[in-house]
Amino acid sequence: MGINNKKVSGNMNAEQEYYISLVERLRHFSEEAEWLEFKVNNIKYDMIGEYISALSNSATICEKEKAYLLWGIDDKTHKIIGTKFSPSTEKNGNEDLESWLMRLLNPRVDFKFTEVFIEDKKIVLLEIPQAVNRPTSFMGEEYIRIGSYKKKLKDYPEKERKLWLSFEQKPFELRIAMENVDEAAVTELLDCASYYKLQKLPLPSNRELMIHNMLDEQFIKQMDNGNYAITNMGALLFANDLSDFSHLKRKAIRVIKYKGSSKTNAIREQVFTKGYAIQFDAVTDYAMSLIPQEEEIEGGRRKEHIMFPRKAVREMIGNMIIHQDLTTHGNGPILEVFDKKIEASNPGSLLVEVNRIIDTAPHSRNENIASFLRIIGICEERGSGFDRIEEGMNELKIPTPKVETGEDFTRTKLYWYSDLKEWSKEDRIRTCYLYTCYCYINDIEVSNTILRERFGVGESRKSFISKIINTTLEAGYIKLADKNAAIKMRRYIPYWA
């Protein structure tokens, strides 16, 4: 919220040019739209508040980031008349107009008055952001535009339903990260070349075609003054530096290396400030470089191998990006590497039940980002991410990942042990259950033999695996496929099968 006083002189700055060009484009609309209103000197305070409500709500329905109310322009001819309205000096009683309006709007709207001079005549422009999450009201009443008329929203139930539906359909990814960016700035702020490289497409020979592709992908949107706005999705995927976008800089991926098994001794930290699509492989490579190597003596030679599989680490990183709640403030995805475990955390609760994470149909919190990352081969939308992590853990005979979730977080943990004897009871039960789920959806019959293979032991430890199976049965996570089968013929399925 604020008031800008701008007067055109011989040397206009970029902001002045922006508002002049915006006014010129708006007044050349053939008629008033539901998100646009012209006045000359009508400055009734209640009317302004009602228009803020109506235009804010209408902007959402019309899929406009902002609505506009202009004083000093004839509402019929759209000629510049000029106005005597000076919002910076207006008061309602002893209260400034702006603070009075703000107090009576719910939720608070970050509106902005700007004064410019065109042809030596004053124009006042009021920018009104679209309603987000719920309708904007003034003095307890919600308004909407019906054609060029301001009406009470409650009297138009179809408009009200459409407005609420718009709230559900407007994801964070497609909201605006930065406004009023020209073509040159778009290609400076976003690594557009990487967009073509990742898709194995030739780089366009001109900027115009590049901008066209960015618009098609909804990485940018065209603004009312002819410039562009970069969407959150465009910035999160292709920003050269997320720090350029103030509300997204905390969404950069952090990778932290600790000494030991606790968070008391961090020895290294790297923040990846480029967009996710650009730096995904670099994040994975860096994480793998931090993972300790296991040493073995084999045939008189020292042999080293990685303690955690790359495919599991890669899927963890992809999941924490795609499933994070981007609307939360102050935190983002973090990958933490310890001596014998890895944790991937992101804001936002898990969208499915923890116990059904393998078999449940896919749910992507950020569907637009997930869709693009699928196209370039970084992730899959089939719901197979956790399956792939389990496959990697199976290859190294270490526990199935542990997933924790709460009201505002999700955390995936990978554990490493050199021998099955070191596994906790919880690790054994979880691995037995989730591997049974994995086998069930892949049409693999689960027997003692199959589970011995998963736990990495031979037939000599058959009874040990039987104890794990019985413990998992008693906990209610698996059940007999056939209750009448002989002991040697017993097969197991998940409790929900």
# chains A, B, ... in the order shown; residues from 1 in each chain; ligands from 1
>>> residues_around(residues="stretch 446-461 of chain A", least_positions_apart="2", cutoff="10 Å", atoms="only C-alpha atoms", output="tab-separated table (two decimals) with N, CA and C atoms, in the first residue's frame")
chain	number	residue	atom	x	y	z
A	391	GLU	N	13.54	-49.50	-4.38
A	391	GLU	CA	14.37	-50.34	-5.25
A	391	GLU	C	15.85	-50.12	-4.99
A	393	MET	N	17.21	-48.99	-2.17
A	393	MET	CA	17.56	-49.49	-0.85
A	393	MET	C	17.65	-51.02	-0.87
A	394	ASN	N	16.78	-51.64	-1.66
A	394	ASN	CA	16.80	-53.09	-1.79
A	394	ASN	C	18.13	-53.57	-2.39
A	395	GLU	N	18.61	-52.84	-3.36
A	395	GLU	CA	19.87	-53.23	-4.00
A	395	GLU	C	21.02	-53.29	-3.01
A	396	LEU	N	21.01	-52.39	-2.01
A	396	LEU	CA	22.09	-52.36	-1.02
A	396	LEU	C	21.71	-53.08	0.28
A	397	LYS	N	20.50	-53.65	0.32
A	397	LYS	CA	20.04	-54.41	1.48
A	397	LYS	C	20.07	-53.57	2.76
A	398	ILE	N	19.55	-52.37	2.65
A	398	ILE	CA	19.41	-51.47	3.80
A	398	ILE	C	17.93	-51.13	3.96
A	399	PRO	N	17.52	-50.58	5.11
A	399	PRO	CA	16.09	-50.43	5.39
A	399	PRO	C	15.33	-49.58	4.39
A	400	THR	N	14.06	-49.93	4.23
A	400	THR	CA	13.13	-49.10	3.47
A	400	THR	C	13.09	-47.69	4.09
A	419	ASP	N	24.98	-54.59	8.95
A	419	ASP	CA	24.48	-55.93	9.18
A	419	ASP	C	23.05	-55.86	9.69
A	420	LEU	N	22.25	-56.87	9.35
A	420	LEU	CA	20.85	-56.90	9.76
A	420	LEU	C	20.69	-56.88	11.27
A	428	ARG	N	12.88	-53.14	10.81
A	428	ARG	CA	12.55	-54.46	10.29
A	428	ARG	C	11.07	-54.56	9.91
A	431	THR	N	10.31	-52.27	6.83
A	431	THR	CA	10.83	-52.84	5.59
A	431	THR	C	10.03	-54.04	5.15
A	432	CYS	N	9.67	-54.91	6.09
A	432	CYS	CA	8.85	-56.08	5.77
A	432	CYS	C	7.51	-55.65	5.18
A	435	TYR	N	7.98	-53.50	1.72
A	435	TYR	CA	8.42	-54.34	0.62
A	435	TYR	C	7.29	-55.29	0.19
A	436	THR	N	6.49	-55.71	1.13
A	436	THR	CA	5.30	-56.51	0.80
A	436	THR	C	4.35	-55.70	-0.08
A	437	CYS	N	4.17	-54.42	0.25
A	437	CYS	CA	3.34	-53.53	-0.58
A	437	CYS	C	3.93	-53.42	-1.99
A	438	TYR	N	5.25	-53.23	-2.06
A	438	TYR	CA	5.93	-53.10	-3.35
A	438	TYR	C	5.70	-54.36	-4.19
A	439	CYS	N	5.88	-55.52	-3.57
A	439	CYS	CA	5.70	-56.79	-4.29
A	439	CYS	C	4.24	-56.97	-4.73
A	440	TYR	N	3.32	-56.60	-3.86
A	440	TYR	CA	1.90	-56.79	-4.17
A	440	TYR	C	1.50	-56.02	-5.42
A	443	ASP	N	2.88	-57.60	-8.59
A	443	ASP	CA	2.47	-58.99	-8.82
A	443	ASP	C	3.58	-59.99	-8.48
A	444	ILE	N	4.24	-59.76	-7.35
A	444	ILE	CA	5.26	-60.68	-6.85
A	444	ILE	C	4.74	-61.32	-5.57
A	463	SER	N	14.82	-68.70	9.99
A	463	SER	CA	14.03	-68.54	11.21
A	463	SER	C	14.04	-67.09	11.68
A	464	PHE	N	15.15	-66.40	11.46
A	464	PHE	CA	15.25	-64.99	11.85
A	464	PHE	C	14.24	-64.16	11.06
A	465	ILE	N	14.13	-64.45	9.74
A	465	ILE	CA	13.17	-63.73	8.90
A	465	ILE	C	11.75	-64.10	9.30
A	466	SER	N	11.55	-65.35	9.71
A	466	SER	CA	10.21	-65.75	10.18
A	466	SER	C	9.79	-64.93	11.39
A	468	ILE	N	10.70	-61.85	12.00
A	468	ILE	CA	10.34	-60.51	11.50
A	468	ILE	C	8.94	-60.55	10.89
A	469	ILE	N	8.66	-61.61	10.14
A	469	ILE	CA	7.33	-61.75	9.53
A	469	ILE	C	6.25	-61.83	10.61
A	480	LEU	N	-1.93	-63.06	6.01
A	480	LEU	CA	-1.77	-64.23	5.16
A	480	LEU	C	-2.67	-64.11	3.93
A	481	ALA	N	-2.10	-64.41	2.77
A	481	ALA	CA	-2.92	-64.41	1.56
A	481	ALA	C	-3.94	-65.54	1.60
A	488	LYS	N	4.96	-73.98	4.88
A	488	LYS	CA	5.94	-73.79	3.81
A	488	LYS	C	5.35	-73.05	2.61
A	489	MET	N	4.03	-73.05	2.50
A	489	MET	CA	3.37	-72.41	1.35
A	489	MET	C	2.78	-71.04	1.70
A	490	ARG	N	3.06	-70.53	2.86
A	490	ARG	CA	2.48	-69.24	3.27
A	490	ARG	C	2.97	-68.09	2.38
A	491	ARG	N	2.02	-67.26	2.01
A	491	ARG	CA	2.32	-66.05	1.25
A	491	ARG	C	1.68	-64.87	1.98
A	492	TYR	N	2.24	-63.69	1.78
A	492	TYR	CA	1.82	-62.53	2.59
A	492	TYR	C	1.42	-61.37	1.69
A	493	ILE	N	0.44	-60.62	2.13
A	493	ILE	CA	-0.04	-59.44	1.41
A	493	ILE	C	-0.24	-58.32	2.42
A	494	PRO	N	-0.30	-57.07	1.95
A	494	PRO	CA	-0.53	-55.93	2.86
A	494	PRO	C	-1.89	-56.03	3.54
>>> residues_around(residues="A:Trp164", least_positions_apart="6", cutoff="10 Å", atoms="only C-alpha atoms", output="list in words")
Asn57, Thr60, Ile61, Val132, Asn133, Arg134 and Pro135 of chain A
>>> closest_residue(among="A:Pro129, A:Glu336, A:Asp281, A:Val116", to="A:Arg268", atoms="only C-alpha atoms")
A:Glu336
>>> closest_residue(among="A:Arg310, A:Lys44, A:Lys221, A:Lys259", to="A:Asn180", atoms="only C-alpha atoms")
A:Lys221
>>> atom_distance(atom1="atom CA of A:His78", atom2="atom CA of A:Leu126")
16.3 Å
>>> residues_around(residues="stretch 357-361 of chain A", least_positions_apart="3", cutoff="12 Å", atoms="only C-alpha atoms", output="CSV table (one decimal) with all heavy atoms, in the first residue's frame")
chain,number,residue,atom,x,y,z
A,350,LEU,N,2.4,-34.5,4.3
A,350,LEU,CA,2.2,-35.6,3.2
A,350,LEU,C,0.8,-35.6,2.8
A,350,LEU,O,-0.2,-35.5,3.6
A,350,LEU,CB,2.7,-36.9,3.8
A,350,LEU,CG,2.9,-38.0,2.8
A,350,LEU,CD1,4.1,-37.7,1.9
A,350,LEU,CD2,3.1,-39.3,3.5
A,351,LEU,N,0.5,-35.7,1.5
A,351,LEU,CA,-0.8,-35.7,0.9
A,351,LEU,C,-1.5,-37.0,0.9
A,351,LEU,O,-2.7,-37.1,0.6
A,351,LEU,CB,-0.8,-35.1,-0.5
A,351,LEU,CG,-0.3,-33.7,-0.7
A,351,LEU,CD1,-0.3,-33.3,-2.1
A,351,LEU,CD2,-1.2,-32.7,0.1
A,352,VAL,N,-0.8,-38.1,1.3
A,352,VAL,CA,-1.3,-39.4,1.4
A,352,VAL,C,-1.0,-40.0,2.8
A,352,VAL,O,-0.1,-39.5,3.5
A,352,VAL,CB,-0.8,-40.4,0.3
A,352,VAL,CG1,-1.2,-39.8,-1.1
A,352,VAL,CG2,0.7,-40.6,0.4
A,353,GLU,N,-1.6,-41.1,3.1
A,353,GLU,CA,-1.3,-41.8,4.4
A,353,GLU,C,0.1,-42.4,4.3
A,353,GLU,O,0.5,-42.9,3.2
A,353,GLU,CB,-2.3,-42.9,4.7
A,353,GLU,CG,-3.7,-42.5,5.0
A,353,GLU,CD,-4.5,-43.7,5.4
A,353,GLU,OE1,-4.0,-44.6,6.0
A,353,GLU,OE2,-5.7,-43.6,5.0
A,354,VAL,N,0.9,-42.2,5.3
A,354,VAL,CA,2.3,-42.8,5.3
A,354,VAL,C,2.3,-44.2,5.0
A,354,VAL,O,3.1,-44.7,4.2
A,354,VAL,CB,3.0,-42.5,6.7
A,354,VAL,CG1,4.3,-43.3,6.8
A,354,VAL,CG2,3.2,-41.0,6.9
A,364,SER,N,0.3,-34.6,-6.5
A,364,SER,CA,1.3,-33.6,-6.6
A,364,SER,C,0.8,-32.3,-6.1
A,364,SER,O,-0.2,-31.8,-6.6
A,364,SER,CB,1.8,-33.4,-8.0
A,364,SER,OG,2.4,-34.6,-8.5
A,381,GLU,N,5.3,-38.7,-12.6
A,381,GLU,CA,4.0,-38.4,-12.0
A,381,GLU,C,3.1,-39.7,-11.8
A,381,GLU,O,2.0,-39.6,-11.4
A,381,GLU,CB,3.2,-37.5,-12.9
A,381,GLU,CG,3.8,-36.0,-12.9
A,381,GLU,CD,2.9,-35.1,-13.7
A,381,GLU,OE1,2.9,-35.3,-14.9
A,381,GLU,OE2,2.3,-34.2,-13.2
A,382,ARG,N,3.7,-40.8,-11.9
A,382,ARG,CA,3.0,-42.1,-11.8
A,382,ARG,C,2.8,-42.5,-10.3
A,382,ARG,O,2.3,-43.6,-10.1
A,382,ARG,CB,3.6,-43.2,-12.6
A,382,ARG,CG,3.8,-42.9,-14.1
A,382,ARG,CD,4.0,-44.2,-14.8
A,382,ARG,NE,5.1,-45.0,-14.3
A,382,ARG,CZ,6.4,-44.9,-14.7
A,382,ARG,NH1,6.7,-44.0,-15.7
A,382,ARG,NH2,7.4,-45.6,-14.2
A,383,GLY,N,3.4,-41.8,-9.4
A,383,GLY,CA,3.4,-42.2,-8.0
A,383,GLY,C,4.4,-43.2,-7.7
A,383,GLY,O,4.4,-43.9,-6.7
A,384,SER,N,5.5,-43.3,-8.6
A,384,SER,CA,6.5,-44.3,-8.4
A,384,SER,C,7.8,-43.8,-7.8
A,384,SER,O,8.7,-44.6,-7.7
A,384,SER,CB,6.9,-44.9,-9.8
A,384,SER,OG,7.4,-43.9,-10.7
A,385,GLY,N,7.8,-42.6,-7.3
A,385,GLY,CA,9.0,-42.1,-6.7
A,385,GLY,C,9.4,-42.9,-5.5
A,385,GLY,O,10.6,-43.2,-5.4
A,386,PHE,N,8.5,-43.2,-4.6
A,386,PHE,CA,8.9,-44.0,-3.4
A,386,PHE,C,9.3,-45.4,-3.8
A,386,PHE,O,10.2,-46.0,-3.2
A,386,PHE,CB,7.7,-44.0,-2.4
A,386,PHE,CG,8.2,-44.4,-1.0
A,386,PHE,CD1,8.7,-43.5,-0.1
A,386,PHE,CD2,8.0,-45.8,-0.7
A,386,PHE,CE1,9.1,-43.9,1.1
A,386,PHE,CE2,8.4,-46.2,0.6
A,386,PHE,CZ,9.0,-45.3,1.5
A,387,ASP,N,8.6,-45.9,-4.8
A,387,ASP,CA,9.0,-47.3,-5.3
A,387,ASP,C,10.4,-47.3,-5.7
A,387,ASP,O,11.1,-48.3,-5.4
A,387,ASP,CB,8.1,-47.7,-6.5
A,387,ASP,CG,6.6,-47.6,-6.1
A,387,ASP,OD1,6.2,-46.6,-5.5
A,387,ASP,OD2,5.8,-48.4,-6.6
A,388,ARG,N,10.8,-46.2,-6.4
A,388,ARG,CA,12.2,-46.2,-6.9
A,388,ARG,C,13.2,-46.1,-5.8
A,388,ARG,O,14.3,-46.6,-5.8
A,388,ARG,CB,12.4,-45.1,-7.9
A,388,ARG,CG,11.6,-45.3,-9.2
A,388,ARG,CD,11.6,-44.1,-10.1
A,388,ARG,NE,12.9,-43.7,-10.5
A,388,ARG,CZ,13.6,-44.3,-11.6
A,388,ARG,NH1,13.0,-45.2,-12.2
A,388,ARG,NH2,14.8,-43.9,-11.9
A,389,ILE,N,12.8,-45.3,-4.7
A,389,ILE,CA,13.7,-45.2,-3.6
A,389,ILE,C,13.9,-46.6,-2.9
A,389,ILE,O,15.0,-47.1,-2.6
A,389,ILE,CB,13.1,-44.2,-2.5
A,389,ILE,CG1,13.1,-42.8,-3.1
A,389,ILE,CG2,14.0,-44.2,-1.3
A,389,ILE,CD1,12.5,-41.8,-2.2
A,390,GLU,N,12.7,-47.3,-2.8
A,390,GLU,CA,12.8,-48.7,-2.2
A,390,GLU,C,13.6,-49.6,-3.1
A,390,GLU,O,14.4,-50.4,-2.5
A,390,GLU,CB,11.3,-49.2,-2.1
A,390,GLU,CG,11.2,-50.7,-1.8
A,390,GLU,CD,12.0,-51.2,-0.6
A,390,GLU,OE1,12.3,-50.4,0.3
A,390,GLU,OE2,12.3,-52.4,-0.6
A,391,GLU,N,13.5,-49.5,-4.4
A,391,GLU,CA,14.4,-50.3,-5.3
A,391,GLU,C,15.9,-50.1,-5.0
A,391,GLU,O,16.6,-51.1,-4.9
A,391,GLU,CB,14.1,-50.0,-6.7
A,391,GLU,CG,12.7,-50.5,-7.2
A,391,GLU,CD,12.3,-50.0,-8.6
A,391,GLU,OE1,13.1,-49.3,-9.2
A,391,GLU,OE2,11.2,-50.4,-9.0
A,400,THR,N,14.1,-49.9,4.2
A,400,THR,CA,13.1,-49.1,3.5
A,400,THR,C,13.1,-47.7,4.1
A,400,THR,O,13.2,-47.5,5.3
A,400,THR,CB,11.7,-49.7,3.5
A,400,THR,OG1,11.7,-50.9,2.8
A,400,THR,CG2,10.7,-48.8,3.0
A,401,PRO,N,13.0,-46.7,3.3
A,401,PRO,CA,12.9,-45.3,3.8
A,401,PRO,C,11.8,-45.1,4.9
A,401,PRO,O,10.8,-45.7,4.8
A,401,PRO,CB,12.6,-44.4,2.6
A,401,PRO,CG,13.1,-45.2,1.4
A,401,PRO,CD,12.9,-46.7,1.8
A,402,LYS,N,12.1,-44.3,5.8
A,402,LYS,CA,11.1,-43.9,6.9
A,402,LYS,C,10.6,-42.5,6.5
A,402,LYS,O,11.3,-41.6,6.3
A,402,LYS,CB,11.8,-43.9,8.2
A,402,LYS,CG,10.8,-43.5,9.4
A,402,LYS,CD,11.6,-43.5,10.7
A,402,LYS,CE,10.6,-43.2,11.9
A,402,LYS,NZ,11.3,-43.2,13.2
A,403,VAL,N,9.3,-42.4,6.5
A,403,VAL,CA,8.6,-41.1,6.2
A,403,VAL,C,7.9,-40.6,7.4
A,403,VAL,O,7.1,-41.4,8.0
A,403,VAL,CB,7.6,-41.3,5.0
A,403,VAL,CG1,7.0,-39.9,4.7
A,403,VAL,CG2,8.4,-41.8,3.8
A,404,GLU,N,8.1,-39.4,7.8
A,404,GLU,CA,7.5,-38.7,8.9
A,404,GLU,C,6.7,-37.5,8.4
A,404,GLU,O,7.2,-36.8,7.5
A,404,GLU,CB,8.5,-38.3,10.0
A,404,GLU,CG,9.3,-39.5,10.6
A,404,GLU,CD,10.4,-39.0,11.5
A,404,GLU,OE1,10.8,-37.8,11.4
A,404,GLU,OE2,10.8,-39.8,12.3
A,405,THR,N,5.6,-37.2,9.0
A,405,THR,CA,4.8,-36.1,8.5
A,405,THR,C,4.1,-35.5,9.7
A,405,THR,O,3.7,-36.2,10.6
A,405,THR,CB,3.9,-36.4,7.4
A,405,THR,OG1,3.3,-35.2,6.8
A,405,THR,CG2,2.8,-37.3,7.8
A,412,THR,N,11.7,-37.5,4.9
A,412,THR,CA,12.1,-38.8,4.5
A,412,THR,C,13.5,-39.1,5.0
A,412,THR,O,14.4,-38.3,4.8
A,412,THR,CB,12.0,-39.0,3.0
A,412,THR,OG1,10.7,-38.6,2.5
A,412,THR,CG2,12.3,-40.4,2.6
A,433,TYR,N,6.9,-54.7,5.8
A,433,TYR,CA,5.6,-54.2,5.3
A,433,TYR,C,5.6,-53.5,4.0
A,433,TYR,O,4.9,-53.9,3.0
A,433,TYR,CB,4.9,-53.3,6.4
A,433,TYR,CG,3.8,-52.5,5.8
A,433,TYR,CD1,2.6,-53.1,5.4
A,433,TYR,CD2,3.9,-51.1,5.7
A,433,TYR,CE1,1.6,-52.4,4.8
A,433,TYR,CE2,2.8,-50.4,5.1
A,433,TYR,CZ,1.7,-51.0,4.7
A,433,TYR,OH,0.6,-50.3,4.1
A,434,LEU,N,6.5,-52.5,3.9
A,434,LEU,CA,6.5,-51.7,2.6
A,434,LEU,C,7.1,-52.5,1.4
A,434,LEU,O,6.7,-52.3,0.3
A,434,LEU,CB,7.3,-50.5,2.8
A,434,LEU,CG,6.6,-49.4,3.7
A,434,LEU,CD1,7.5,-48.2,4.0
A,434,LEU,CD2,5.3,-48.9,3.0
A,435,TYR,N,8.0,-53.5,1.7
A,435,TYR,CA,8.4,-54.3,0.6
A,435,TYR,C,7.3,-55.3,0.2
A,435,TYR,O,7.2,-55.6,-1.0
A,435,TYR,CB,9.7,-55.1,1.0
A,435,TYR,CG,10.3,-55.9,-0.2
A,435,TYR,CD1,10.8,-55.1,-1.3
A,435,TYR,CD2,10.3,-57.3,-0.3
A,435,TYR,CE1,11.3,-55.8,-2.4
A,435,TYR,CE2,10.8,-57.9,-1.4
A,435,TYR,CZ,11.3,-57.2,-2.4
A,435,TYR,OH,11.8,-57.8,-3.5
A,436,THR,N,6.5,-55.7,1.1
A,436,THR,CA,5.3,-56.5,0.8
A,436,THR,C,4.3,-55.7,-0.1
A,436,THR,O,3.8,-56.2,-1.1
A,436,THR,CB,4.6,-57.0,2.1
A,436,THR,OG1,5.5,-57.8,2.9
A,436,THR,CG2,3.3,-57.8,1.8
A,437,CYS,N,4.2,-54.4,0.3
A,437,CYS,CA,3.3,-53.5,-0.6
A,437,CYS,C,3.9,-53.4,-2.0
A,437,CYS,O,3.2,-53.5,-3.0
A,437,CYS,CB,3.3,-52.1,0.0
A,437,CYS,SG,2.4,-52.0,1.6
A,438,TYR,N,5.3,-53.2,-2.1
A,438,TYR,CA,5.9,-53.1,-3.3
A,438,TYR,C,5.7,-54.4,-4.2
A,438,TYR,O,5.4,-54.3,-5.4
A,438,TYR,CB,7.4,-52.9,-3.1
A,438,TYR,CG,8.2,-52.9,-4.4
A,438,TYR,CD1,8.4,-51.7,-5.1
A,438,TYR,CD2,8.9,-54.0,-4.8
A,438,TYR,CE1,9.1,-51.7,-6.3
A,438,TYR,CE2,9.6,-54.0,-6.0
A,438,TYR,CZ,9.7,-52.8,-6.7
A,438,TYR,OH,10.5,-52.8,-7.9
A,439,CYS,N,5.9,-55.5,-3.6
A,439,CYS,CA,5.7,-56.8,-4.3
A,439,CYS,C,4.2,-57.0,-4.7
A,439,CYS,O,4.0,-57.4,-5.9
A,439,CYS,CB,6.1,-58.0,-3.4
A,439,CYS,SG,7.9,-58.0,-3.1
A,440,TYR,N,3.3,-56.6,-3.9
A,440,TYR,CA,1.9,-56.8,-4.2
A,440,TYR,C,1.5,-56.0,-5.4
A,440,TYR,O,0.8,-56.6,-6.3
A,440,TYR,CB,1.1,-56.3,-3.0
A,440,TYR,CG,-0.4,-56.6,-3.2
A,440,TYR,CD1,-1.0,-57.8,-3.0
A,440,TYR,CD2,-1.3,-55.5,-3.5
A,440,TYR,CE1,-2.3,-58.0,-3.2
A,440,TYR,CE2,-2.6,-55.7,-3.7
A,440,TYR,CZ,-3.2,-57.0,-3.6
A,440,TYR,OH,-4.5,-57.1,-3.8
A,441,ILE,N,1.9,-54.8,-5.5
A,441,ILE,CA,1.5,-54.0,-6.7
A,441,ILE,C,2.3,-54.3,-7.9
A,441,ILE,O,1.9,-53.9,-9.0
A,441,ILE,CB,1.7,-52.4,-6.4
A,441,ILE,CG1,3.1,-52.0,-6.1
A,441,ILE,CG2,0.7,-52.0,-5.2
A,441,ILE,CD1,3.3,-50.5,-6.0
A,442,ASN,N,3.4,-55.1,-7.8
A,442,ASN,CA,4.2,-55.6,-8.9
A,442,ASN,C,4.0,-57.1,-9.2
A,442,ASN,O,4.7,-57.7,-9.9
A,442,ASN,CB,5.7,-55.3,-8.7
A,442,ASN,CG,6.0,-53.8,-8.8
A,442,ASN,OD1,6.1,-53.3,-9.9
A,442,ASN,ND2,6.2,-53.1,-7.7
A,494,PRO,N,-0.3,-57.1,1.9
A,494,PRO,CA,-0.5,-55.9,2.9
A,494,PRO,C,-1.9,-56.0,3.5
A,494,PRO,O,-2.8,-56.7,3.0
A,494,PRO,CB,-0.5,-54.7,1.9
A,494,PRO,CG,0.2,-55.2,0.7
A,494,PRO,CD,-0.1,-56.6,0.6
A,496,TRP,N,-4.2,-54.0,3.8
A,496,TRP,CA,-5.3,-53.3,3.0
A,496,TRP,C,-5.7,-54.1,1.7
A,496,TRP,O,-6.6,-53.7,1.1
A,496,TRP,CB,-4.9,-51.9,2.6
A,496,TRP,CG,-3.5,-51.8,2.1
A,496,TRP,CD1,-2.4,-51.4,2.8
A,496,TRP,CD2,-3.1,-52.0,0.8
A,496,TRP,NE1,-1.3,-51.3,2.0
A,496,TRP,CE2,-1.7,-51.7,0.7
A,496,TRP,CE3,-3.7,-52.4,-0.4
A,496,TRP,CZ2,-0.9,-51.9,-0.4
A,496,TRP,CZ3,-2.9,-52.6,-1.5
A,496,TRP,CH2,-1.6,-52.3,-1.6
A,497,ALA,N,-4.9,-55.1,1.4
A,497,ALA,CA,-5.2,-55.8,0.1
A,497,ALA,C,-6.5,-56.6,0.2
A,497,ALA,O,-6.8,-57.2,1.2
A,497,ALA,CB,-4.0,-56.7,-0.2
>>> closest_residue(among="A:Thr114, A:Ser53, A:Thr273, A:Thr328", to="A:Asp408", atoms="only C-alpha atoms")
A:Thr328
>>> atom_distance(atom1="atom CA of A:Val255", atom2="atom CA of A:Arg314")
13.1 Å
